[in-house]
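Visitor: Could you have a look at this structure, given as structure tokens, before my questions?
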Amino acid sequence: MNMVYIPSPDTIPLAWGWFQFLLLLTFPLHLLAMNAMLGGLAIGIVQHFLGGEIRSRLSHRIAIALPLVIAFVVNLGVAPLLFLQVLYGQYVYTSSILMGSFWIMIIPLLIVGYYCAYLYDFKYSQLGRAGIFVATITFIFLLVIGYFFSNNMLLMTMPEQFGEYFSHMAGNFLVSGDAQFLPRYLHMICGALAVGGLFVAILGRFRSADDPGLADHALKLGMNVFNWFTCLNICIGLWYLLTIERETMFRFMGRDMLATLCFIVALGLVVTILVCGFRKKLLATFATTIVLVYLMSFMRAWVRSSYLREYFNLGDLQVVAAYSPLIFFLVTLVLGILCVIWMLRLTAAALKNGNNPSALTK
């Protein structure tokens with residue numbers, strides 16, 4: 001590997017552990033929101049396509065919640081992306097340039113997909129069956145955005161590929177042909193479909209008082225989707241595990257005791273989730289899923305650092321102390337959390353009353 005292809009890292013204002021902590025704190029929240037968005041939308045499209053009075057009511061509820069969930073996905077994704085850039089800026093910026101033509105397409109795709117989500121929400125009744133087409137556009141665009149993100153996050157861990165810039169100067173280099181890309185991407189999508197089932201079950205729970213039929217249908221459907229896609233994702237996860245480099249895989253099999261412990265606990269949580277899921281214990285399943293998503297984010301960080309071990313160590317980052325940005329960030333974070341709690345309370349009240357939470361933004 002010719003090191004000239006890797007830019008020098010920037011200095012950081014605090015010890016790298018702070019940014020790693022904040023990255024691992026915020027990224028799972030983005031993942032959970034993304035899963036609810038993608039999986040919930042997929043279920044809504046299928047329910048709309050199958051038709052029937054109860055299915056149509058459920059797809060309408062999903063359409064109502066969709067713009068709000070997308071807003072959470074976008075906003076919750078900003079913080080982990082920034083913390084990733086602080087820690088691994090020289091890698092993620094380089095990979096973004098290598099696939100720049102595709103990377104910049106995320107913005108127009110997101111704008112059009114978001115617009116279609118609002119159209120599907122506010123014009124659900126007027127669109128009729130045509131709403132399936134509008135919702136499908138949003139779903140396809142979200143899949144493409146995920147495809148580009150998966151390419152970038154994998155490419156940034158492969159500095160040996162950075163020299164491809166000279167044969168792909170138009171910014172059209174992707175690593176989707178790599179053996180680990182497909183199982184990695186499918187693992188994320190299948191996980192999103194599973195958690196989307198939980199989201200639908202929870203969404204139906206908000207109507208349990210005034211629409212018990214819808215709540216019961218949403219619970220049964222959502223938990224079934226969650227259970228079976230979780231089982232499928234276990235197989236995909238094993239496939240992905242076998243495609244990563246051996247040195248990294250062995251870290252989770254005894255070579256690194258902390259990583260191995262995390263992996264063992266995650267396997268135990270998967271079993272617990274399936275037991276709770278098949279028993280339709282919604283809250284227990286949801287709580288355990290949150291813990292599992294955090295553990296998987298930790299393992300993802302281990303994989304990333306292991307892939308870059310020959311080129312970079314976080315401890316090598318130079319610290320130039322500056323505490324005021326952190327203080328400002330923490331104050332803003334607390335105020336933001338309070339605003340989010342207030343907004344969620346308004347949304348929950350709107351859902352319980354059968355109103356459209358998106359109308360609150362008008």
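Here's how to read the names in the structure tokens: chain A, B, ... by the order shown, residue numbers from 1 in each chain, ligand numbers from 1 in the order shown.
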What residues in range 90-230 of chain A get the DSSP label helix (DSSP H, G or I)? Please answer as a PyMOL selection string.
Guide: chain A and resi 90-98+100-103+106-122+124-127+130-155+159-167+181-205+212-230
Visitor: Pull C-alpha atoms from the residues just selected and write them as a compact mmCIF listing (two decimals), in the first residue's frame.
Guide:
# COMPACT_ATOMS: atom_id res chain seq x y z
CA GLN A 90 -8.88 11.02 6.18
CA TYR A 91 -10.53 7.71 5.22
CA VAL A 92 -14.19 8.60 4.87
CA TYR A 93 -13.43 11.79 2.91
CA THR A 94 -11.18 9.85 0.55
CA SER A 95 -13.76 7.12 -0.01
CA SER A 96 -16.43 9.77 -0.57
CA ILE A 97 -14.31 11.34 -3.30
CA LEU A 98 -13.67 7.97 -4.94
CA GLY A 100 -18.29 11.15 -5.41
CA SER A 101 -20.65 10.97 -8.40
CA PHE A 102 -22.83 8.49 -6.52
CA TRP A 103 -22.34 10.08 -3.10
CA ILE A 106 -27.92 10.95 -2.12
CA ILE A 107 -29.19 14.51 -1.73
CA PRO A 108 -31.59 14.64 -4.74
CA LEU A 109 -32.70 11.05 -4.08
CA LEU A 110 -33.55 11.92 -0.48
CA ILE A 111 -35.38 15.10 -1.48
CA VAL A 112 -37.55 13.32 -4.07
CA GLY A 113 -38.16 10.35 -1.76
CA TYR A 114 -39.11 12.65 1.12
CA TYR A 115 -41.50 14.56 -1.14
CA CYS A 116 -43.14 11.30 -2.23
CA ALA A 117 -43.50 10.31 1.43
CA TYR A 118 -45.40 13.53 2.16
CA LEU A 119 -47.49 13.02 -0.96
CA TYR A 120 -48.32 9.48 0.15
CA ASP A 121 -49.29 10.82 3.56
CA PHE A 122 -51.44 13.84 2.73
CA TYR A 124 -53.46 8.88 0.60
CA SER A 125 -57.22 8.80 -0.05
CA GLN A 126 -57.04 10.75 -3.32
CA LEU A 127 -54.20 8.62 -4.70
CA ALA A 130 -51.67 4.90 -7.26
CA GLY A 131 -50.34 5.53 -3.77
CA ILE A 132 -48.59 2.15 -3.98
CA PHE A 133 -46.50 3.49 -6.86
CA VAL A 134 -45.67 6.71 -4.96
CA ALA A 135 -44.66 4.78 -1.82
CA THR A 136 -42.60 2.34 -3.88
CA ILE A 137 -40.61 5.23 -5.35
CA THR A 138 -39.72 6.32 -1.82
CA PHE A 139 -38.79 2.76 -0.87
CA ILE A 140 -36.56 2.23 -3.92
CA PHE A 141 -34.80 5.57 -3.40
CA LEU A 142 -34.16 4.71 0.26
CA LEU A 143 -32.70 1.35 -0.79
CA VAL A 144 -30.39 3.11 -3.26
CA ILE A 145 -29.28 5.59 -0.59
CA GLY A 146 -28.51 2.67 1.71
CA TYR A 147 -26.59 1.01 -1.12
CA PHE A 148 -24.40 4.10 -1.52
CA PHE A 149 -23.83 4.40 2.23
CA SER A 150 -22.86 0.74 2.48
CA ASN A 151 -20.37 1.22 -0.35
CA ASN A 152 -18.80 4.23 1.35
CA MET A 153 -18.60 2.69 4.82
CA LEU A 154 -16.93 -0.43 3.39
CA LEU A 155 -14.62 1.49 1.02
CA PRO A 159 -7.19 2.02 1.95
CA GLU A 160 -5.50 -0.43 -0.41
CA GLN A 161 -8.24 0.52 -2.90
CA PHE A 162 -7.62 4.28 -2.73
CA GLY A 163 -5.20 4.13 -5.64
CA GLU A 164 -8.22 3.36 -7.86
CA TYR A 165 -8.83 7.10 -7.89
CA PHE A 166 -6.45 7.42 -10.83
CA SER A 167 -8.56 5.07 -12.95
CA PHE A 181 -20.51 -6.22 0.34
CA LEU A 182 -23.66 -8.18 -0.53
CA PRO A 183 -24.07 -9.98 2.83
CA ARG A 184 -23.18 -6.75 4.64
CA TYR A 185 -25.82 -4.79 2.72
CA LEU A 186 -28.46 -7.52 2.98
CA HIS A 187 -27.77 -7.84 6.72
CA MET A 188 -28.66 -4.18 7.14
CA ILE A 189 -31.76 -4.34 4.92
CA CYS A 190 -33.07 -7.56 6.43
CA GLY A 191 -32.53 -6.14 9.91
CA ALA A 192 -34.46 -3.04 8.89
CA LEU A 193 -37.39 -5.14 7.68
CA ALA A 194 -37.38 -7.04 10.99
CA VAL A 195 -37.32 -3.94 13.18
CA GLY A 196 -39.90 -2.38 10.86
CA GLY A 197 -42.24 -5.11 12.06
CA LEU A 198 -41.72 -3.95 15.64
CA PHE A 199 -42.41 -0.38 14.56
CA VAL A 200 -45.71 -1.40 12.98
CA ALA A 201 -46.70 -3.34 16.10
CA ILE A 202 -45.92 -0.31 18.28
CA LEU A 203 -47.75 1.99 15.86
CA GLY A 204 -50.85 -0.18 16.17
CA ARG A 205 -50.56 -0.06 19.94
CA PRO A 212 -58.65 -2.62 18.83
CA GLY A 213 -59.08 -4.44 15.51
CA LEU A 214 -56.28 -2.42 13.89
CA ALA A 215 -54.09 -2.78 16.99
CA ASP A 216 -54.52 -6.56 17.02
CA HIS A 217 -53.79 -6.84 13.29
CA ALA A 218 -50.70 -4.61 13.59
CA LEU A 219 -49.39 -6.63 16.54
CA LYS A 220 -49.79 -10.01 14.88
CA LEU A 221 -48.43 -8.85 11.53
CA GLY A 222 -45.57 -6.82 12.98
CA MET A 223 -44.37 -9.55 15.32
CA ASN A 224 -44.56 -12.20 12.59
CA VAL A 225 -42.53 -10.00 10.25
CA PHE A 226 -40.01 -9.34 13.01
CA ASN A 227 -39.65 -13.01 13.96
CA TRP A 228 -39.19 -14.47 10.50
CA PHE A 229 -36.93 -11.72 9.17
CA THR A 230 -34.82 -12.02 12.32
Visitor: Give me, as a tab-separated table, each residue of range 49-97 of chain A that comes within 12 Å of range 331-341 of chain A, together with its shortest interatomic pair and the distance in Å at one decimal, counting only C-alpha atoms, with rows ordered by chain and rising residue number.
Guide:
residue	atom	partner	partner_atom	distance
A:Leu68	CA	A:Val340	CA	11.7
A:Ala71	CA	A:Val340	CA	11.6
A:Phe72	CA	A:Val340	CA	9.6
A:Asn75	CA	A:Gly336	CA	10.9
A:Leu76	CA	A:Val340	CA	11.1
A:Ala79	CA	A:Leu333	CA	10.3
Visitor: Within 10 Å of Ala259 in chain A, counting only C-alpha atoms, which residues show up once you throw out same-chain ones fewer than 2 positions away? Write them as a list in words, please.
Guide: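 Near neighbours after the sequence-gap exclusion: Phe250, Arg251, Phe252, Met253, Gly254, Arg255, Asp256, Met257, Leu261, Cys262, Phe263, Ile264, Val265, Leu295, Phe298, Met299, Trp302 and Val303 of chain A.
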Visitor: Select, from A:Ile327, A:Leu317, A:Phe312, A:Met99, the residue with the minimum atom-to-atom distance to His168 in chain A, counting only C-alpha atoms.
Guide: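 Closest residue, counting only C-alpha atoms: A:Met99.
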Visitor: Given only C-alpha atoms as the basis, pick out the residue of A:Leu87, A:Val73, A:Ile244, A:Val46 nearest to Arg129 in chain A.
Guide: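 So, comparing all the options, the nearest one is A:Val46.
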Visitor: Identify which of the residues A:Gly52, A:Gly277, A:Gly39, A:Gly89 lies closest to Ile70 in chain A, counting only C-alpha atoms when measuring atom-to-atom distances.
Guide: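 Closest candidate: A:Gly39.
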Visitor: Rank nothing, just name the residue among A:Ala42, A:Leu29, A:Val74, A:Ala287 nearest to Ile62 in chain A, using only C-alpha atoms.
Guide: A:Ala42
Visitor: To one decimal place in Å, what is the distance between CA of Gln20 in chain A and CA of Ser306 in chain A?
Guide: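 Computed distance, CA of Gln20 in chain A to CA of Ser306 in chain A, equals 14.9 Å.
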Visitor: In Å, with one decimal, what is the gap from CA of Thr157 in chain A to CA of Phe21 in chain A?
Guide: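 Answer for the CA of Thr157 in chain A to CA of Phe21 in chain A separation: 19.7 Å.
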Visitor: What lies within 12 Å of Val275 in chain A using only C-alpha atoms, ignoring chain neighbours under 3 positions off, as number ranges by chain?
Guide: A: 223, 226-227, 230-231, 268-272, 278-282, 284-285, 288
Visitor: Using N, CA, C and O atoms, can you export the residues from the last selection as a PDB file, in the first residue's frame?
Guide:
ATOM      1  N   MET A 223     -45.188  -8.569  14.618  1.00  0.00           N
ATOM      2  CA  MET A 223     -44.370  -9.549  15.323  1.00  0.00           C
ATOM      3  C   MET A 223     -43.991 -10.710  14.416  1.00  0.00           C
ATOM      4  O   MET A 223     -42.873 -11.236  14.502  1.00  0.00           O
ATOM      5  N   PHE A 226     -41.239  -9.448  12.216  1.00  0.00           N
ATOM      6  CA  PHE A 226     -40.009  -9.340  13.009  1.00  0.00           C
ATOM      7  C   PHE A 226     -39.380 -10.716  13.231  1.00  0.00           C
ATOM      8  O   PHE A 226     -38.171 -10.897  13.041  1.00  0.00           O
ATOM      9  N   ASN A 227     -40.182 -11.683  13.634  1.00  0.00           N
ATOM     10  CA  ASN A 227     -39.651 -13.009  13.964  1.00  0.00           C
ATOM     11  C   ASN A 227     -38.994 -13.681  12.769  1.00  0.00           C
ATOM     12  O   ASN A 227     -37.860 -14.171  12.855  1.00  0.00           O
ATOM     13  N   THR A 230     -35.946 -11.845  11.398  1.00  0.00           N
ATOM     14  CA  THR A 230     -34.822 -12.020  12.322  1.00  0.00           C
ATOM     15  C   THR A 230     -34.161 -13.372  12.102  1.00  0.00           C
ATOM     16  O   THR A 230     -32.922 -13.481  12.083  1.00  0.00           O
ATOM     17  N   CYS A 231     -34.977 -14.404  11.919  1.00  0.00           N
ATOM     18  CA  CYS A 231     -34.417 -15.736  11.628  1.00  0.00           C
ATOM     19  C   CYS A 231     -33.620 -15.716  10.332  1.00  0.00           C
ATOM     20  O   CYS A 231     -32.515 -16.278  10.252  1.00  0.00           O
ATOM     21  N   GLY A 268     -26.722 -14.447  22.733  1.00  0.00           N
ATOM     22  CA  GLY A 268     -27.717 -14.722  23.755  1.00  0.00           C
ATOM     23  C   GLY A 268     -28.933 -13.823  23.624  1.00  0.00           C
ATOM     24  O   GLY A 268     -30.076 -14.269  23.826  1.00  0.00           O
ATOM     25  N   LEU A 269     -28.694 -12.563  23.274  1.00  0.00           N
ATOM     26  CA  LEU A 269     -29.807 -11.631  23.103  1.00  0.00           C
ATOM     27  C   LEU A 269     -30.667 -12.009  21.897  1.00  0.00           C
ATOM     28  O   LEU A 269     -31.894 -11.825  21.920  1.00  0.00           O
ATOM     29  N   VAL A 270     -30.041 -12.528  20.846  1.00  0.00           N
ATOM     30  CA  VAL A 270     -30.813 -12.970  19.676  1.00  0.00           C
ATOM     31  C   VAL A 270     -31.787 -14.069  20.076  1.00  0.00           C
ATOM     32  O   VAL A 270     -32.968 -14.057  19.681  1.00  0.00           O
ATOM     33  N   VAL A 271     -31.316 -15.023  20.867  1.00  0.00           N
ATOM     34  CA  VAL A 271     -32.194 -16.100  21.339  1.00  0.00           C
ATOM     35  C   VAL A 271     -33.322 -15.525  22.191  1.00  0.00           C
ATOM     36  O   VAL A 271     -34.504 -15.893  22.033  1.00  0.00           O
ATOM     37  N   THR A 272     -32.980 -14.598  23.080  1.00  0.00           N
ATOM     38  CA  THR A 272     -33.986 -13.969  23.938  1.00  0.00           C
ATOM     39  C   THR A 272     -35.023 -13.225  23.119  1.00  0.00           C
ATOM     40  O   THR A 272     -36.232 -13.295  23.393  1.00  0.00           O
ATOM     41  N   PHE A 278     -41.743 -14.581  19.437  1.00  0.00           N
ATOM     42  CA  PHE A 278     -42.735 -15.602  19.116  1.00  0.00           C
ATOM     43  C   PHE A 278     -43.837 -15.682  20.179  1.00  0.00           C
ATOM     44  O   PHE A 278     -44.925 -16.170  19.905  1.00  0.00           O
ATOM     45  N   ARG A 279     -43.537 -15.184  21.378  1.00  0.00           N
ATOM     46  CA  ARG A 279     -44.578 -15.101  22.410  1.00  0.00           C
ATOM     47  C   ARG A 279     -45.340 -13.785  22.333  1.00  0.00           C
ATOM     48  O   ARG A 279     -46.221 -13.529  23.146  1.00  0.00           O
ATOM     49  N   LYS A 280     -44.952 -12.938  21.370  1.00  0.00           N
ATOM     50  CA  LYS A 280     -45.589 -11.645  21.132  1.00  0.00           C
ATOM     51  C   LYS A 280     -45.517 -10.728  22.351  1.00  0.00           C
ATOM     52  O   LYS A 280     -46.469  -9.996  22.652  1.00  0.00           O
ATOM     53  N   LYS A 281     -44.370 -10.764  23.031  1.00  0.00           N
ATOM     54  CA  LYS A 281     -44.093  -9.850  24.138  1.00  0.00           C
ATOM     55  C   LYS A 281     -43.451  -8.595  23.550  1.00  0.00           C
ATOM     56  O   LYS A 281     -42.226  -8.488  23.440  1.00  0.00           O
ATOM     57  N   LEU A 282     -44.284  -7.655  23.148  1.00  0.00           N
ATOM     58  CA  LEU A 282     -43.831  -6.521  22.350  1.00  0.00           C
ATOM     59  C   LEU A 282     -42.790  -5.667  23.075  1.00  0.00           C
ATOM     60  O   LEU A 282     -41.715  -5.406  22.534  1.00  0.00           O
ATOM     61  N   ALA A 284     -40.918  -6.244  25.735  1.00  0.00           N
ATOM     62  CA  ALA A 284     -39.684  -6.970  26.049  1.00  0.00           C
ATOM     63  C   ALA A 284     -38.839  -7.156  24.793  1.00  0.00           C
ATOM     64  O   ALA A 284     -37.606  -7.011  24.827  1.00  0.00           O
ATOM     65  N   THR A 285     -39.502  -7.472  23.691  1.00  0.00           N
ATOM     66  CA  THR A 285     -38.780  -7.651  22.429  1.00  0.00           C
ATOM     67  C   THR A 285     -38.139  -6.347  21.987  1.00  0.00           C
ATOM     68  O   THR A 285     -36.970  -6.314  21.562  1.00  0.00           O
ATOM     69  N   THR A 288     -35.107  -5.423  24.283  1.00  0.00           N
ATOM     70  CA  THR A 288     -33.956  -6.285  24.014  1.00  0.00           C
ATOM     71  C   THR A 288     -33.332  -5.953  22.666  1.00  0.00           C
ATOM     72  O   THR A 288     -32.103  -6.013  22.503  1.00  0.00           O
TER      73      THR A 288
END
Visitor: Provide the CA of Arg309 in chain A to CA of Gly17 in chain A distance in Å, to one decimal place.
Guide: 16.9 Å
Visitor: Point out the residue among A:Val86, A:Ala349, A:Leu81, A:Leu38 with the least atom-to-atom distance to Pro67 in chain A, counting only C-alpha atoms.
Guide: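 Ranking A:Val86, A:Ala349, A:Leu81, A:Leu38 by distance to Pro67 in chain A, first place goes to A:Leu38.
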